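Undergrad: The file below is my_file_23.tsv, TSV, C-alpha atoms:
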```tsv
chain	number	residue	atom	x	y	z
A	1	MET	CA	-33.14	29.83	45.52
A	2	SER	CA	-30.98	26.75	44.92
A	3	GLU	CA	-34.00	24.68	45.88
A	4	PHE	CA	-35.85	26.34	43.04
A	5	PHE	CA	-33.15	25.43	40.52
A	6	HIS	CA	-33.01	21.91	41.93
A	7	MET	CA	-36.66	21.34	40.83
A	8	GLY	CA	-37.21	18.54	43.34
A	9	GLY	CA	-34.48	16.46	41.68
A	10	TYR	CA	-35.89	16.94	38.18
A	11	ALA	CA	-33.63	19.85	37.21
A	12	ALA	CA	-31.92	17.80	34.48
A	13	PHE	CA	-35.30	17.31	32.79
A	14	VAL	CA	-37.19	20.53	33.54
A	15	TRP	CA	-34.54	23.10	32.53
A	16	PRO	CA	-33.51	21.48	29.23
A	17	SER	CA	-37.22	21.25	28.28
A	18	PHE	CA	-37.67	24.99	28.77
A	19	GLY	CA	-34.24	25.70	27.27
A	20	ILE	CA	-34.87	23.76	24.05
A	21	THR	CA	-38.32	25.32	23.60
A	22	ALA	CA	-36.88	28.80	24.14
A	23	ALA	CA	-33.98	28.10	21.76
A	24	VAL	CA	-36.38	26.92	19.05
A	25	MET	CA	-38.57	30.02	19.42
A	26	ILE	CA	-35.59	32.39	19.41
A	27	ALA	CA	-34.17	30.66	16.33
A	28	ILE	CA	-37.55	31.09	14.57
A	29	VAL	CA	-37.57	34.83	15.39
A	30	ILE	CA	-33.99	35.34	14.16
A	31	ASP	CA	-34.57	33.34	10.96
A	32	SER	CA	-37.85	35.18	10.25
A	33	TRP	CA	-36.34	38.62	10.77
A	34	ARG	CA	-33.14	37.91	8.79
A	35	GLY	CA	-35.15	36.53	5.88
A	36	PHE	CA	-37.43	39.56	5.94
A	37	VAL	CA	-34.54	42.05	5.90
A	38	ARG	CA	-32.68	40.16	3.15
A	39	GLU	CA	-35.75	40.08	0.90
A	40	ARG	CA	-36.60	43.73	1.59
A	41	ASP	CA	-33.06	44.83	0.66
A	42	THR	CA	-33.08	42.79	-2.56
A	43	LEU	CA	-36.46	44.21	-3.53
A	44	GLU	CA	-35.38	47.79	-2.85
A	45	LYS	CA	-32.22	47.31	-4.91
A	46	LEU	CA	-34.15	45.89	-7.88
A	47	GLN	CA	-36.77	48.62	-7.68
A	48	SER	CA	-34.19	51.41	-7.64
A	49	GLN	CA	-32.35	49.83	-10.61
A	50	ARG	CA	-35.64	49.74	-12.49
A	51	ALA	CA	-36.39	53.36	-11.64
A	52	LYS	CA	-32.94	54.42	-12.87
A	53	ARG	CA	-33.35	52.56	-16.15
A	54	LYS	CA	-36.75	54.08	-16.77
A	55	ALA	CA	-35.53	57.60	-16.12
A	56	PRO	CA	-33.58	58.74	-19.22
B	57	MET	CA	-65.55	35.33	3.81
B	58	GLN	CA	-65.52	39.11	3.50
B	59	THR	CA	-62.35	39.38	5.57
B	60	LEU	CA	-60.83	36.52	3.61
B	61	HIS	CA	-61.32	38.50	0.40
B	62	LYS	CA	-59.74	41.55	1.97
B	63	PHE	CA	-56.65	39.53	2.82
B	64	ALA	CA	-56.54	38.19	-0.75
B	65	ASN	CA	-55.00	41.45	-1.91
B	66	PRO	CA	-51.29	41.17	-1.03
B	67	ALA	CA	-50.86	44.94	-0.59
B	68	ARG	CA	-53.79	45.07	1.79
B	69	PHE	CA	-52.49	42.01	3.62
B	70	VAL	CA	-49.17	43.77	4.18
B	71	ARG	CA	-50.87	46.93	5.43
B	72	MET	CA	-53.29	45.19	7.81
B	73	SER	CA	-50.81	42.63	9.11
B	74	SER	CA	-48.16	45.31	9.71
B	75	ALA	CA	-50.60	47.12	11.98
B	76	LEU	CA	-51.26	43.89	13.86
B	77	LEU	CA	-47.61	42.83	14.22
B	78	PRO	CA	-46.43	45.01	17.17
B	79	TRP	CA	-49.57	44.11	19.15
B	80	MET	CA	-49.08	40.40	18.65
B	81	ALA	CA	-45.35	40.56	19.42
B	82	GLY	CA	-46.00	42.53	22.62
B	83	LEU	CA	-48.93	40.35	23.67
B	84	SER	CA	-46.85	37.23	23.13
B	85	ALA	CA	-43.97	38.52	25.28
B	86	VAL	CA	-46.30	39.60	28.12
B	87	LEU	CA	-48.31	36.36	28.12
B	88	ILE	CA	-45.22	34.15	28.09
B	89	VAL	CA	-43.60	36.07	30.97
B	90	VAL	CA	-46.84	35.90	33.00
B	91	GLY	CA	-47.29	32.22	32.07
B	92	LEU	CA	-43.76	31.37	33.20
B	93	TYR	CA	-44.27	33.22	36.48
B	94	LEU	CA	-47.57	31.42	37.16
B	95	GLY	CA	-46.12	28.10	36.04
B	96	PHE	CA	-43.05	28.25	38.25
B	97	PHE	CA	-44.18	30.27	41.28
B	98	VAL	CA	-47.95	29.90	41.60
B	99	ALA	CA	-48.73	26.40	40.28
B	100	PRO	CA	-48.02	23.75	42.93
B	101	ALA	CA	-45.89	20.68	42.27
B	102	ASP	CA	-47.98	17.68	41.19
B	103	TYR	CA	-48.71	15.18	43.97
B	104	GLN	CA	-47.62	12.29	41.73
B	105	GLN	CA	-45.14	13.82	39.30
B	106	GLY	CA	-43.58	16.43	41.59
B	107	GLU	CA	-41.75	19.31	39.92
B	108	SER	CA	-41.34	17.40	36.64
B	109	MET	CA	-44.97	18.33	35.92
B	110	ARG	CA	-43.79	21.85	35.06
B	111	ILE	CA	-42.53	20.48	31.75
B	112	MET	CA	-46.22	20.46	30.81
B	113	PHE	CA	-46.18	24.28	30.53
B	114	VAL	CA	-43.97	24.10	27.43
B	115	HIS	CA	-44.73	20.58	26.20
B	116	VAL	CA	-48.51	20.92	25.88
B	117	PRO	CA	-48.65	24.44	24.34
B	118	SER	CA	-45.97	23.42	21.77
B	119	ALA	CA	-47.96	20.31	20.92
B	120	TRP	CA	-51.20	22.29	20.55
B	121	MET	CA	-49.43	24.83	18.32
B	122	SER	CA	-47.92	22.17	16.07
B	123	MET	CA	-51.35	20.66	15.42
B	124	PHE	CA	-53.12	24.03	15.17
B	125	ILE	CA	-50.53	25.29	12.67
B	126	TYR	CA	-50.76	22.13	10.59
B	127	SER	CA	-54.56	22.39	10.49
B	128	GLY	CA	-54.24	26.02	9.44
B	129	MET	CA	-51.80	25.04	6.69
B	130	ALA	CA	-54.25	22.43	5.42
B	131	ILE	CA	-57.07	24.98	5.34
B	132	ALA	CA	-54.84	27.59	3.66
B	133	SER	CA	-53.70	24.98	1.13
B	134	ALA	CA	-57.31	24.09	0.27
B	135	THR	CA	-58.11	27.80	-0.09
B	136	GLY	CA	-55.11	28.22	-2.39
B	137	LEU	CA	-56.01	25.20	-4.51
B	138	ILE	CA	-59.73	25.92	-4.85
B	139	TRP	CA	-59.98	29.72	-4.99
B	140	LYS	CA	-56.43	30.47	-6.20
B	141	HIS	CA	-56.15	32.81	-3.22
B	142	PRO	CA	-52.79	34.53	-3.80
B	143	VAL	CA	-51.73	34.84	-0.15
B	144	ALA	CA	-53.04	31.51	1.21
B	145	ASP	CA	-50.23	29.38	-0.24
B	146	LEU	CA	-47.65	31.84	1.02
B	147	MET	CA	-49.15	31.79	4.52
B	148	ALA	CA	-49.01	27.99	4.54
B	149	LYS	CA	-45.40	28.08	3.34
B	150	ALA	CA	-44.54	30.70	5.97
B	151	SER	CA	-46.13	28.58	8.72
B	152	ALA	CA	-44.33	25.30	8.04
B	153	PRO	CA	-40.94	26.01	9.67
B	154	VAL	CA	-42.72	27.44	12.74
B	155	GLY	CA	-44.87	24.31	13.04
B	156	ALA	CA	-41.85	22.08	12.51
B	157	GLY	CA	-40.01	23.96	15.26
B	158	PHE	CA	-42.87	23.48	17.72
B	159	THR	CA	-43.08	19.79	16.78
B	160	PHE	CA	-39.37	19.38	17.44
B	161	ALA	CA	-39.70	21.19	20.80
B	162	THR	CA	-42.63	18.95	21.74
B	163	LEU	CA	-40.68	15.79	20.90
B	164	ALA	CA	-37.67	17.02	22.91
B	165	SER	CA	-39.61	18.12	25.99
B	166	GLY	CA	-41.75	14.96	25.78
B	167	SER	CA	-38.63	12.82	25.81
B	168	LEU	CA	-37.29	14.76	28.78
B	169	TRP	CA	-40.60	14.20	30.57
B	170	GLY	CA	-40.90	10.54	29.58
B	171	GLN	CA	-37.52	9.55	30.96
B	172	PRO	CA	-38.24	10.36	34.63
B	173	MET	CA	-41.98	9.49	34.52
B	174	TRP	CA	-42.14	6.43	32.25
B	175	GLY	CA	-38.51	5.32	32.54
B	176	THR	CA	-37.92	5.72	28.81
B	177	TRP	CA	-37.03	8.51	26.38
B	178	TRP	CA	-39.11	7.07	23.58
B	179	VAL	CA	-41.71	4.38	22.92
B	180	TRP	CA	-43.17	3.36	19.55
B	181	ASP	CA	-46.79	3.66	20.58
B	182	ALA	CA	-49.65	5.28	18.65
B	183	ARG	CA	-49.38	8.78	20.11
B	184	LEU	CA	-45.63	9.17	19.79
B	185	THR	CA	-45.42	7.49	16.38
B	186	SER	CA	-48.28	9.51	14.84
B	187	TYR	CA	-46.71	12.63	16.29
B	188	LEU	CA	-43.32	11.78	14.77
B	189	ILE	CA	-45.13	11.42	11.42
B	190	LEU	CA	-46.37	15.01	11.88
B	191	PHE	CA	-42.74	16.12	12.10
B	192	PHE	CA	-41.92	14.26	8.87
B	193	LEU	CA	-44.99	15.80	7.18
B	194	TYR	CA	-43.66	19.27	8.01
B	195	ILE	CA	-40.20	18.34	6.65
B	196	GLY	CA	-41.74	16.82	3.51
B	197	TYR	CA	-43.90	19.89	2.96
B	198	MET	CA	-40.89	22.22	3.18
B	199	ALA	CA	-38.83	19.93	0.92
B	200	LEU	CA	-41.57	19.95	-1.75
B	201	TRP	CA	-41.55	23.75	-1.90
B	202	GLU	CA	-37.82	23.57	-2.65
B	203	ALA	CA	-38.11	20.68	-5.10
B	204	PHE	CA	-39.60	22.64	-8.03
B	205	ASP	CA	-38.21	25.62	-9.93
B	206	ASP	CA	-41.70	26.89	-10.67
B	207	PRO	CA	-43.22	28.20	-7.40
B	208	GLN	CA	-46.73	27.63	-8.73
B	209	ARG	CA	-46.09	23.91	-9.24
B	210	ALA	CA	-44.21	23.67	-5.96
B	211	GLY	CA	-47.10	25.30	-4.13
B	212	LYS	CA	-49.59	22.92	-5.68
B	213	ALA	CA	-47.59	19.80	-4.80
B	214	ALA	CA	-46.96	21.04	-1.25
B	215	ALA	CA	-50.65	21.92	-0.81
B	216	ILE	CA	-51.69	18.41	-1.82
B	217	LEU	CA	-49.26	16.91	0.70
B	218	ALA	CA	-50.59	19.25	3.42
B	219	LEU	CA	-54.16	18.15	2.67
B	220	VAL	CA	-53.39	14.42	2.55
B	221	GLY	CA	-51.36	14.68	5.76
B	222	ALA	CA	-54.22	16.45	7.55
B	223	VAL	CA	-55.73	13.03	8.22
B	224	ASN	CA	-52.93	12.53	10.75
B	225	VAL	CA	-54.13	15.39	12.99
B	226	PRO	CA	-57.26	13.66	14.37
B	227	ILE	CA	-55.25	10.43	14.58
B	228	ILE	CA	-52.78	12.18	16.91
B	229	LYS	CA	-55.59	13.75	18.94
B	230	PHE	CA	-57.55	10.52	19.48
B	231	SER	CA	-54.60	8.08	19.52
B	232	VAL	CA	-54.63	8.11	23.32
B	233	ASP	CA	-58.27	6.91	23.31
B	234	TRP	CA	-58.08	4.44	20.42
B	235	TRP	CA	-54.93	2.55	21.38
B	236	ASN	CA	-53.10	1.55	24.53
B	237	THR	CA	-50.32	3.96	25.22
B	238	LEU	CA	-48.01	5.21	27.91
B	239	HIS	CA	-49.09	8.75	27.09
B	240	GLN	CA	-51.79	10.10	29.36
B	241	PRO	CA	-55.21	10.89	27.83
B	242	ALA	CA	-56.48	14.43	27.23
B	243	SER	CA	-57.02	16.42	30.42
B	244	VAL	CA	-57.94	19.85	29.04
B	245	MET	CA	-59.77	19.46	25.71
B	246	LYS	CA	-62.41	16.95	26.75
B	247	MET	CA	-66.17	16.84	26.33
B	248	ASP	CA	-66.92	17.09	30.06
B	249	GLY	CA	-64.54	19.97	30.79
B	250	PRO	CA	-60.92	20.08	31.93
B	251	ALA	CA	-59.78	17.60	34.58
B	252	ILE	CA	-57.00	19.83	35.80
B	253	HIS	CA	-56.95	22.32	38.66
B	254	ALA	CA	-57.17	26.04	37.89
B	255	SER	CA	-53.73	26.64	39.46
B	256	MET	CA	-52.25	24.53	36.65
B	257	LEU	CA	-54.82	25.25	33.95
B	258	VAL	CA	-54.41	29.05	34.07
B	259	PRO	CA	-50.61	29.04	33.48
B	260	LEU	CA	-51.07	26.38	30.79
B	261	LEU	CA	-53.66	28.44	28.90
B	262	THR	CA	-51.64	31.64	29.39
B	263	MET	CA	-48.61	29.97	27.80
B	264	ALA	CA	-50.77	28.56	25.01
B	265	LEU	CA	-52.18	32.02	24.22
B	266	GLY	CA	-48.66	33.47	24.36
B	267	PHE	CA	-47.45	30.83	21.87
B	268	THR	CA	-50.44	31.59	19.61
B	269	ALA	CA	-49.62	35.32	19.58
B	270	PHE	CA	-45.99	34.39	18.90
B	271	TYR	CA	-47.05	32.31	15.91
B	272	ILE	CA	-49.25	35.10	14.52
B	273	ALA	CA	-46.38	37.60	14.85
B	274	VAL	CA	-43.76	35.43	13.14
B	275	VAL	CA	-46.12	34.24	10.43
B	276	ILE	CA	-46.89	37.89	9.55
B	277	VAL	CA	-43.17	38.58	9.12
B	278	ARG	CA	-42.63	35.38	7.14
B	279	THR	CA	-45.64	35.88	4.87
B	280	GLN	CA	-44.59	39.45	4.08
B	281	ARG	CA	-41.17	38.08	3.21
B	282	GLU	CA	-42.77	35.56	0.81
B	283	ILE	CA	-44.81	38.35	-0.81
B	284	MET	CA	-41.60	40.35	-1.35
B	285	ALA	CA	-39.83	37.26	-2.69
B	286	ARG	CA	-42.56	36.89	-5.29
B	287	LYS	CA	-42.13	40.53	-6.34
B	288	VAL	CA	-38.36	40.00	-6.59
B	289	ARG	CA	-38.99	37.02	-8.87
B	290	THR	CA	-41.34	39.00	-11.10
B	291	LEU	CA	-38.86	41.89	-11.36
B	292	ARG	CA	-35.99	39.54	-12.24
B	293	MET	CA	-38.09	37.87	-14.94
B	294	ALA	CA	-38.96	41.29	-16.36
B	295	GLN	CA	-35.23	42.14	-16.42
B	296	VAL	CA	-34.37	38.97	-18.32
B	297	ASN	CA	-37.14	39.59	-20.85
B	298	GLN	CA	-36.05	43.13	-21.64
```
Once you've parsed the file, please lay out its structure as structure tokens.
TA:
Amino acid sequence: MSEFFHMGGYAAFVWPSFGITAAVMIAIVIDSWRGFVRERDTLEKLQSQRAKRKAP
Amino acid sequence: MQTLHKFANPARFVRMSSALLPWMAGLSAVLIVVGLYLGFFVAPADYQQGESMRIMFVHVPSAWMSMFIYSGMAIASATGLIWKHPVADLMAKASAPVGAGFTFATLASGSLWGQPMWGTWWVWDARLTSYLILFFLYIGYMALWEAFDDPQRAGKAAAILALVGAVNVPIIKFSVDWWNTLHQPASVMKMDGPAIHASMLVPLLTMALGFTAFYIAVVIVRTQREIMARKVRTLRMAQVNQ
């Protein structure tokens, strides 16, 4: 098991490569989802305000 | 062309892409897990590069994605400019941060691979320099979208940059053949077939497909967000005008 993590002496290069790629992809997912939710909430708020104004 | 027209209607785009989203997200997760397993436990260490070769399984798919996404943005930008396709510009805008992220990951993993194999983190040769320009093109494209108050003008300026910058994509691809470089030449996408053993090729392609599904999933979410943002803008303008 420790041999696996040692990566034939290249651990300091292999793991950060995978780590940085994973971090970038996770950050993209979080940013995409947060942006989606924020925009959806704003749109719903505006639409309900509009509906209220239209209804007498 | 028929399907392109179907996607031109934002409401239909939202409906169709929402149906696709869970499949792409699931497919991406499965392929990446399988790819990692094959890459770490089935693929042998390289006889020259040892275990450091495993960096390839993230470096190469990220690099492919960054160039694939940029090409897609250029095509979407042309579609937006010529046919005034209402979703094309938004898809290009939604893609840019994803492409920039993959470009950054490629530069980082490339550096981490270059240090043990070439003895240097960075070299100003044709491949690395043209690839760094791709990163700046992504940044410039995103900055242009933010630089105008009018999204229509911003989209047009950004689309022109995406199209002009597209010339860099073949330069990156062929830089390893046209100039002397430390970077190794293509070993998968070549005319006479891949020069890489199946035990390494299969995990590489699995990861690449997983990254592609990942991109499709996040670009669906991001494009839908842009469509909503446009509605928000229209509603706010209507409020002001009342």
Undergrad: Compute the chain B side of the contact with chain A at 7 Å, counting all atoms listed in the file, and hand it back as a PyMOL selection string.
TA: chain B and resi 106-108+110-111+114+154+157+161+164-165+168-169+274+277-278+281+284-285+288
Undergrad: Given the selection you just returned, output its residues as a file containing C-alpha atoms, formatted as an mmCIF file, in the coordinates of the input.
TA:
```cif
data_model
loop_
_atom_site.group_PDB
_atom_site.id
_atom_site.type_symbol
_atom_site.label_atom_id
_atom_site.label_comp_id
_atom_site.auth_asym_id
_atom_site.auth_seq_id
_atom_site.Cartn_x
_atom_site.Cartn_y
_atom_site.Cartn_z
ATOM 1 C CA GLY B 106 -43.580 16.430 41.590
ATOM 2 C CA GLU B 107 -41.750 19.310 39.920
ATOM 3 C CA SER B 108 -41.340 17.400 36.640
ATOM 4 C CA ARG B 110 -43.790 21.850 35.060
ATOM 5 C CA ILE B 111 -42.530 20.480 31.750
ATOM 6 C CA VAL B 114 -43.970 24.100 27.430
ATOM 7 C CA VAL B 154 -42.720 27.440 12.740
ATOM 8 C CA GLY B 157 -40.010 23.960 15.260
ATOM 9 C CA ALA B 161 -39.700 21.190 20.800
ATOM 10 C CA ALA B 164 -37.670 17.020 22.910
ATOM 11 C CA SER B 165 -39.610 18.120 25.990
ATOM 12 C CA LEU B 168 -37.290 14.760 28.780
ATOM 13 C CA TRP B 169 -40.600 14.200 30.570
ATOM 14 C CA VAL B 274 -43.760 35.430 13.140
ATOM 15 C CA VAL B 277 -43.170 38.580 9.120
ATOM 16 C CA ARG B 278 -42.630 35.380 7.140
ATOM 17 C CA ARG B 281 -41.170 38.080 3.210
ATOM 18 C CA MET B 284 -41.600 40.350 -1.350
ATOM 19 C CA ALA B 285 -39.830 37.260 -2.690
ATOM 20 C CA VAL B 288 -38.360 40.000 -6.590
#
```
Undergrad: Which one of B:Pro259, B:Pro250, B:Pro241, B:Pro66 sits closest to Pro142 (chain B) if you count only C-alpha atoms?
TA: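 Once distances to Pro142 (chain B) are computed over only C-alpha atoms, the minimum belongs to B:Pro66.
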Undergrad: Work out how far CA of Gln171 (chain B) is from CA of Thr237 (chain B), in Å to one decimal.
TA: 15.1 Å
Undergrad: Hey, can you check how far CA of Met198 (chain B) sits from CA of Met112 (chain B)?
TA: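 Distance between the two atoms: 28.2 Å.
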Undergrad: Report the distance between CA of Met123 (chain B) and CA of Val225 (chain B) in Å, rounded to one decimal place.
TA: 6.4 Å
Undergrad: Tell me which of B:Leu146, B:Ala254, B:Val70, B:Tyr187 sits closest to Ile227 (chain B), counting only C-alpha atoms.
TA: B:Tyr187
Undergrad: If we count only C-alpha atoms and set the cut-off at 12 Å, which residues sit around Val89 (chain B), ignoring sequence neighbours fewer than 4 positions away in its own chain? Please answer as an MDAnalysis selection string.
TA: chainID B and resid 82:85 93:97 259 262:267
Undergrad: Choose the residue, out of B:Leu260, B:Leu291, B:Ala81, B:Ala214, that has the smallest atom-to-atom separation from Ala134 (chain B); count all atoms listed in the file.
TA: B:Ala214
Undergrad: From the options B:Ser255, B:Thr279, B:Ser118, B:Ser186, which residue's atoms come nearest to Phe158 (chain B), counting only C-alpha atoms?
TA: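 Closest candidate: B:Ser118.
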Undergrad: Can you tell me, as a PyMOL selection string, which residues sit within 10 Å of (-57.3, 17.5, 18.0) in the file's frame, using all atoms listed in the file?
TA: chain B and resi 120+123-124+127+224-231+242+245
